[in-house]
>>> print(open('my_file_38.txt').read())   # compact mmCIF, C-alpha atoms
# COMPACT_ATOMS: atom_id res chain seq x y z
CA GLU A 10 122.53 182.75 155.54
CA LYS A 11 118.96 181.49 155.33
CA GLN A 12 116.19 183.59 156.84
CA TYR A 13 112.89 182.13 158.01
CA TYR A 14 109.63 183.95 158.55
CA THR A 15 105.91 183.23 158.74
CA GLU A 16 103.64 184.25 155.90
CA TYR A 17 99.89 183.73 155.97
CA ILE A 18 97.84 182.73 152.95
CA GLU A 19 94.17 183.08 152.12
CA PRO A 20 91.84 180.29 153.35
CA LEU A 21 91.16 177.70 150.63
CA VAL A 22 87.45 177.07 151.18
CA SER A 23 85.07 175.37 148.78
CA HIS A 24 84.34 178.21 146.36
CA LEU A 25 87.86 179.69 146.61
CA ARG A 26 86.63 183.09 147.69
CA PHE A 27 86.09 184.92 150.95
CA PRO A 28 84.68 182.19 153.25
CA LEU A 29 81.36 184.01 153.76
CA ALA A 30 80.86 185.02 150.11
CA VAL A 31 77.42 183.98 148.80
CA CYS A 32 76.57 182.61 152.25
CA LEU A 33 74.90 185.71 153.69
CA HIS A 34 71.34 186.93 153.18
CA PRO A 35 71.23 189.79 150.62
CA ASN A 36 69.33 192.00 153.04
CA GLU A 37 72.11 192.00 155.62
CA ASP A 38 73.82 195.40 156.01
CA TYR A 39 77.26 193.89 155.46
CA TYR A 40 76.33 191.71 152.47
CA LEU A 41 78.03 194.00 149.95
CA TYR A 42 81.35 193.25 151.64
CA ARG A 43 80.81 189.50 151.31
CA GLU A 44 79.66 189.12 147.72
CA ILE A 45 81.69 187.18 145.15
CA THR A 46 84.02 190.02 144.12
CA PHE A 47 84.94 191.10 147.68
CA ARG A 48 88.75 191.32 147.86
CA GLY A 49 89.26 192.40 151.45
CA TRP A 50 90.63 189.00 152.40
CA ILE A 51 93.53 189.00 149.91
CA MET A 52 96.89 189.34 151.65
CA PRO A 53 100.01 190.72 149.96
CA PRO A 54 103.33 189.45 151.35
CA SER A 55 103.32 190.54 154.97
CA ASN A 56 107.10 190.78 155.24
CA GLY A 57 107.67 192.63 152.00
CA VAL A 58 109.60 191.19 149.06
CA ARG A 59 113.32 190.60 149.38
CA LYS A 60 113.91 190.09 145.66
CA GLU A 61 115.25 193.04 143.72
CA ARG A 62 113.09 192.86 140.55
CA LYS A 63 109.32 192.49 140.72
CA PHE A 64 107.04 191.44 137.85
CA TYR A 65 103.25 191.17 137.59
CA PHE A 66 101.57 189.19 134.79
CA ASP A 67 97.81 189.62 134.28
CA ALA A 68 95.88 187.39 131.86
CA GLY A 69 92.34 188.68 131.51
CA ALA A 70 93.39 192.23 132.33
CA SER A 71 90.46 194.14 130.74
CA ASP A 72 91.82 197.67 131.24
CA TRP A 73 93.14 199.88 134.06
CA GLU A 74 89.74 201.13 135.19
CA ASP A 75 87.38 198.24 134.42
CA GLY A 76 86.92 194.48 134.67
CA ALA A 77 84.18 191.91 135.29
CA GLY A 78 85.17 191.63 138.96
CA GLY A 79 86.71 195.09 139.20
CA PRO A 80 89.95 196.35 137.62
CA SER A 81 92.66 193.86 138.56
CA LEU A 82 95.57 195.94 137.24
CA LYS A 83 94.67 198.95 139.35
CA TYR A 84 93.94 196.74 142.36
CA PHE A 85 97.21 194.80 142.37
CA TYR A 86 99.25 197.94 141.70
CA ASN A 87 97.70 199.93 144.54
CA MET A 88 97.38 197.10 147.07
CA TRP A 89 100.96 195.88 146.65
CA LYS A 90 102.21 199.48 146.75
CA ARG A 91 100.64 199.84 150.21
CA HIS A 92 103.01 197.07 151.29
CA ASP A 93 106.02 198.84 149.76
CA ILE A 94 106.10 196.54 146.72
CA LEU A 95 106.58 198.48 143.50
CA TRP A 96 106.46 196.66 140.18
CA ASP A 97 109.37 196.94 137.77
CA GLN A 98 107.23 195.72 134.88
CA ILE A 99 103.60 194.71 134.39
CA TYR A 100 102.56 192.48 131.48
CA ALA A 101 98.85 192.48 130.63
CA TYR A 102 96.93 190.29 128.17
CA GLU A 103 93.33 190.67 127.01
CA MET A 104 91.42 189.69 123.87
CA THR A 105 88.73 192.39 123.76
CA THR A 106 90.47 195.66 124.62
CA THR A 107 92.44 197.27 121.79
CA ARG A 108 95.86 198.80 122.43
CA LYS A 109 94.45 202.23 121.71
CA GLU A 110 91.58 201.76 124.14
CA PHE A 111 93.95 200.41 126.78
CA TYR A 112 96.49 203.23 126.60
CA ASP A 113 93.79 205.90 126.25
CA ILE A 114 92.41 204.82 129.64
CA ILE A 115 95.53 204.10 131.67
CA PRO A 116 96.92 207.11 133.59
CA GLN A 117 100.00 208.49 131.85
CA GLU A 118 102.20 207.90 134.88
CA TYR A 119 101.71 204.12 134.50
CA ALA A 120 101.78 203.86 130.71
CA ASN A 121 105.48 203.01 130.48
CA LEU A 122 105.20 200.51 133.32
CA VAL A 123 102.53 198.33 131.69
CA ASN A 124 103.24 196.27 128.57
CA TYR A 125 99.86 195.49 127.04
CA GLN A 126 99.15 192.89 124.35
CA GLN A 127 95.72 192.35 122.78
CA CYS A 128 95.75 188.60 122.23
CA PRO A 129 94.49 185.23 123.41
CA VAL A 130 96.83 183.15 125.55
CA SER A 131 97.57 179.52 124.71
CA SER A 132 96.68 176.40 126.68
CA SER A 133 99.86 174.40 125.98
CA PRO A 134 103.55 174.96 125.21
CA GLN A 135 103.03 173.49 121.73
CA ASP A 136 100.80 176.46 120.85
CA ASP A 137 103.15 179.10 122.22
CA THR A 138 103.93 181.99 119.88
CA LEU A 139 104.67 185.67 120.42
CA GLN A 140 101.14 186.40 119.17
CA THR A 141 99.47 183.72 121.36
CA PRO A 142 101.82 183.27 124.32
CA PHE A 143 101.73 180.31 126.68
CA LEU A 144 102.09 182.09 130.00
CA PRO A 145 104.60 179.81 131.76
CA LEU A 146 106.99 180.11 128.80
CA GLU A 147 106.27 183.83 128.48
CA ILE A 148 107.22 184.27 132.14
CA GLN A 149 110.40 182.24 131.64
CA ARG A 150 111.37 184.49 128.74
CA LYS A 151 111.04 187.66 130.80
CA THR A 152 112.05 186.67 134.35
CA ASN A 153 114.21 184.29 136.37
CA GLU A 154 114.23 182.60 139.78
CA ASP A 155 115.83 185.65 141.40
CA ASP A 156 112.77 187.79 140.58
CA TYR A 157 109.50 188.15 142.45
CA VAL A 158 106.72 187.10 140.05
CA LEU A 159 102.97 187.36 140.53
CA LEU A 160 100.55 185.78 138.04
CA LYS A 161 96.84 186.60 137.95
CA LEU A 162 94.91 184.24 135.68
CA ASP A 163 91.20 184.77 135.02
CA ILE A 164 90.19 184.58 131.36
CA ASP A 165 86.95 182.58 131.81
CA SER A 166 88.27 179.78 129.61
CA PRO A 167 88.66 176.68 131.81
CA ARG A 168 90.55 174.72 129.15
CA VAL A 169 93.23 177.40 128.77
CA GLU A 170 93.39 178.12 132.49
CA GLN A 171 93.67 174.44 133.40
CA GLY A 172 96.39 173.83 130.81
CA THR A 173 98.39 176.68 132.28
CA ILE A 174 97.98 175.57 135.89
CA ASP A 175 98.65 171.88 135.10
CA TYR A 176 101.90 172.81 133.38
CA ILE A 177 103.04 174.96 136.31
CA LEU A 178 102.24 172.23 138.84
CA GLU A 179 103.82 169.46 136.78
CA HIS A 180 107.06 171.35 136.17
CA ASN A 181 107.32 172.87 139.64
CA ASN A 182 106.86 169.69 141.70
CA ASN A 183 109.26 166.81 142.14
CA GLY A 184 112.34 168.79 141.19
CA GLY A 185 110.79 170.26 138.06
CA SER A 186 112.40 173.00 136.01
CA PHE A 187 109.74 175.65 136.53
CA ASN A 188 110.26 177.43 139.83
CA ILE A 189 109.77 181.09 138.96
CA ILE A 190 106.27 182.17 140.06
CA ASP A 191 106.01 183.29 143.67
CA GLU A 192 102.25 183.92 143.83
CA ILE A 193 99.27 182.90 141.69
CA PHE A 194 95.79 184.43 141.82
CA TYR A 195 93.57 182.13 139.81
CA GLU A 196 89.81 181.70 139.53
CA HIS A 197 89.47 177.93 139.40
CA HIS A 198 86.07 177.29 137.80
CA ILE A 199 85.62 173.94 139.54
CA LEU A 200 82.95 171.47 138.50
CA ASP A 201 79.59 171.35 140.33
CA ASN A 202 80.51 173.84 143.03
CA TYR A 203 77.31 174.31 145.01
CA LEU A 204 77.90 178.02 145.63
CA MET A 205 79.22 179.15 142.24
CA SER A 206 77.33 176.97 139.73
CA LYS A 207 74.86 179.83 139.15
CA TRP A 208 77.68 181.92 137.67
CA TRP A 209 79.91 179.25 136.14
CA GLY A 210 77.33 176.81 134.76
CA ALA A 211 78.61 174.87 131.76
CA GLY A 212 81.72 177.06 131.73
CA ALA A 213 83.19 175.25 134.73
CA ALA A 214 86.33 173.17 134.33
CA LYS A 215 85.84 169.41 134.27
CA THR A 216 87.82 169.03 137.45
CA SER A 217 86.88 168.92 141.11
CA MET A 218 88.52 170.91 143.90
CA GLU A 219 90.19 167.73 145.10
CA GLU A 220 91.83 167.25 141.70
>>> encode(input="my_file_38.txt", output="structure tokens")
Amino acid sequence: EKQYYTEYIEPLVSHLRFPLAVCLHPNEDYYLYREITFRGWIMPPSNGVRKERKFYFDAGASDWEDGAGGPSLKYFYNMWKRHDILWDQIYAYEMTTTRKEFYDIIPQEYANLVNYQQCPVSSSPQDDTLQTPFLPLEIQRKTNEDDYVLLKLDIDSPRVEQGTIDYILEHNNNGGSFNIIDEIFYEHHILDNYLMSKWWGAGAAKTSMEE
């Protein structure tokens, strides 16, 4: 029997962040809670997850305690745990952190939960290998449609990010074969964004938000 429920999503405003991020004067008392890395507006599934197995893939994982915008692994583990969602497996990918550095930092209680690979990720299925995985195919290898799958993608390489997202959209729409990922957290470095161009500059993707 089908069950229906309402689930809210984050507002998709121009710079794809908290709606007031970068819009407030830096001298305001509450500015620190509205700068570009503020995560207080992210909403885990409000009704829990009804799927038995739960997987989290993180491309651009840095390490458990650190990251350019804060440690994503630690954040998604703790925040989803607050909503009674416990990961069965976490897969993390990063070019700069060695395996030794990664596992020296991660708390021992999580070490067996997280599968870490120091590697670049590919931008197309043609370049997919075990050493340079293409994330949609990597996810297909490890999960299925009966699993809850979260993908966080932020590697500051618009070409690779866009290739990944384009593949997912193309193969998920119009009866496509790729219907595995339940949630995506993705920093879309969109072209000429008036609020984020200071940070993205020439590193922005050659696509607009409309595209």
>>> atom_distance(input="my_file_38.txt", atom1="atom CA of Glu103 of chain A", atom2="atom CA of Ser71 of chain A")
5.8 Å
>>> residues_near_point(input="my_file_38.txt", point="(87.6, 186.7, 130.6)", cutoff="12 Å", atoms="all atoms listed in the file", output="MDAnalysis selection string")
chainID A and resid 67:72 76:78 81 102:106 128:130 161:167 169:170 195:196 198 212
>>> write_last_selection(input="my_file_38.txt", atoms="C-alpha atoms", output="tab-separated table (two decimals), keeping the file's coordinate frame")
chain	number	residue	atom	x	y	z
A	67	ASP	CA	97.81	189.62	134.28
A	68	ALA	CA	95.88	187.39	131.86
A	69	GLY	CA	92.34	188.68	131.51
A	70	ALA	CA	93.39	192.23	132.33
A	71	SER	CA	90.46	194.14	130.74
A	72	ASP	CA	91.82	197.67	131.24
A	76	GLY	CA	86.92	194.48	134.67
A	77	ALA	CA	84.18	191.91	135.29
A	78	GLY	CA	85.17	191.63	138.96
A	81	SER	CA	92.66	193.86	138.56
A	102	TYR	CA	96.93	190.29	128.17
A	103	GLU	CA	93.33	190.67	127.01
A	104	MET	CA	91.42	189.69	123.87
A	105	THR	CA	88.73	192.39	123.76
A	106	THR	CA	90.47	195.66	124.62
A	128	CYS	CA	95.75	188.60	122.23
A	129	PRO	CA	94.49	185.23	123.41
A	130	VAL	CA	96.83	183.15	125.55
A	161	LYS	CA	96.84	186.60	137.95
A	162	LEU	CA	94.91	184.24	135.68
A	163	ASP	CA	91.20	184.77	135.02
A	164	ILE	CA	90.19	184.58	131.36
A	165	ASP	CA	86.95	182.58	131.81
A	166	SER	CA	88.27	179.78	129.61
A	167	PRO	CA	88.66	176.68	131.81
A	169	VAL	CA	93.23	177.40	128.77
A	170	GLU	CA	93.39	178.12	132.49
A	195	TYR	CA	93.57	182.13	139.81
A	196	GLU	CA	89.81	181.70	139.53
A	198	HIS	CA	86.07	177.29	137.80
A	212	GLY	CA	81.72	177.06	131.73
>>> atom_distance(input="my_file_38.txt", atom1="atom CA of Gln127 of chain A", atom2="atom CA of Tyr112 of chain A")
11.6 Å
>>> closest_residue(input="my_file_38.txt", among="A:Asn87, A:Asn124, A:Leu146, A:Gly79", to="His180 of chain A", atoms="all atoms listed in the file")
A:Leu146
>>> atom_distance(input="my_file_38.txt", atom1="atom CA of Gln140 of chain A", atom2="atom CA of Asp155 of chain A")
26.7 Å
>>> closest_residue(input="my_file_38.txt", among="A:Lys90, A:Trp50, A:Ile99, A:Ser132", to="Arg168 of chain A", atoms="only C-alpha atoms")
A:Ser132
>>> closest_residue(input="my_file_38.txt", among="A:Thr141, A:Thr173, A:Gln126, A:Thr152", to="Lys60 of chain A", atoms="all atoms listed in the file")
A:Thr152
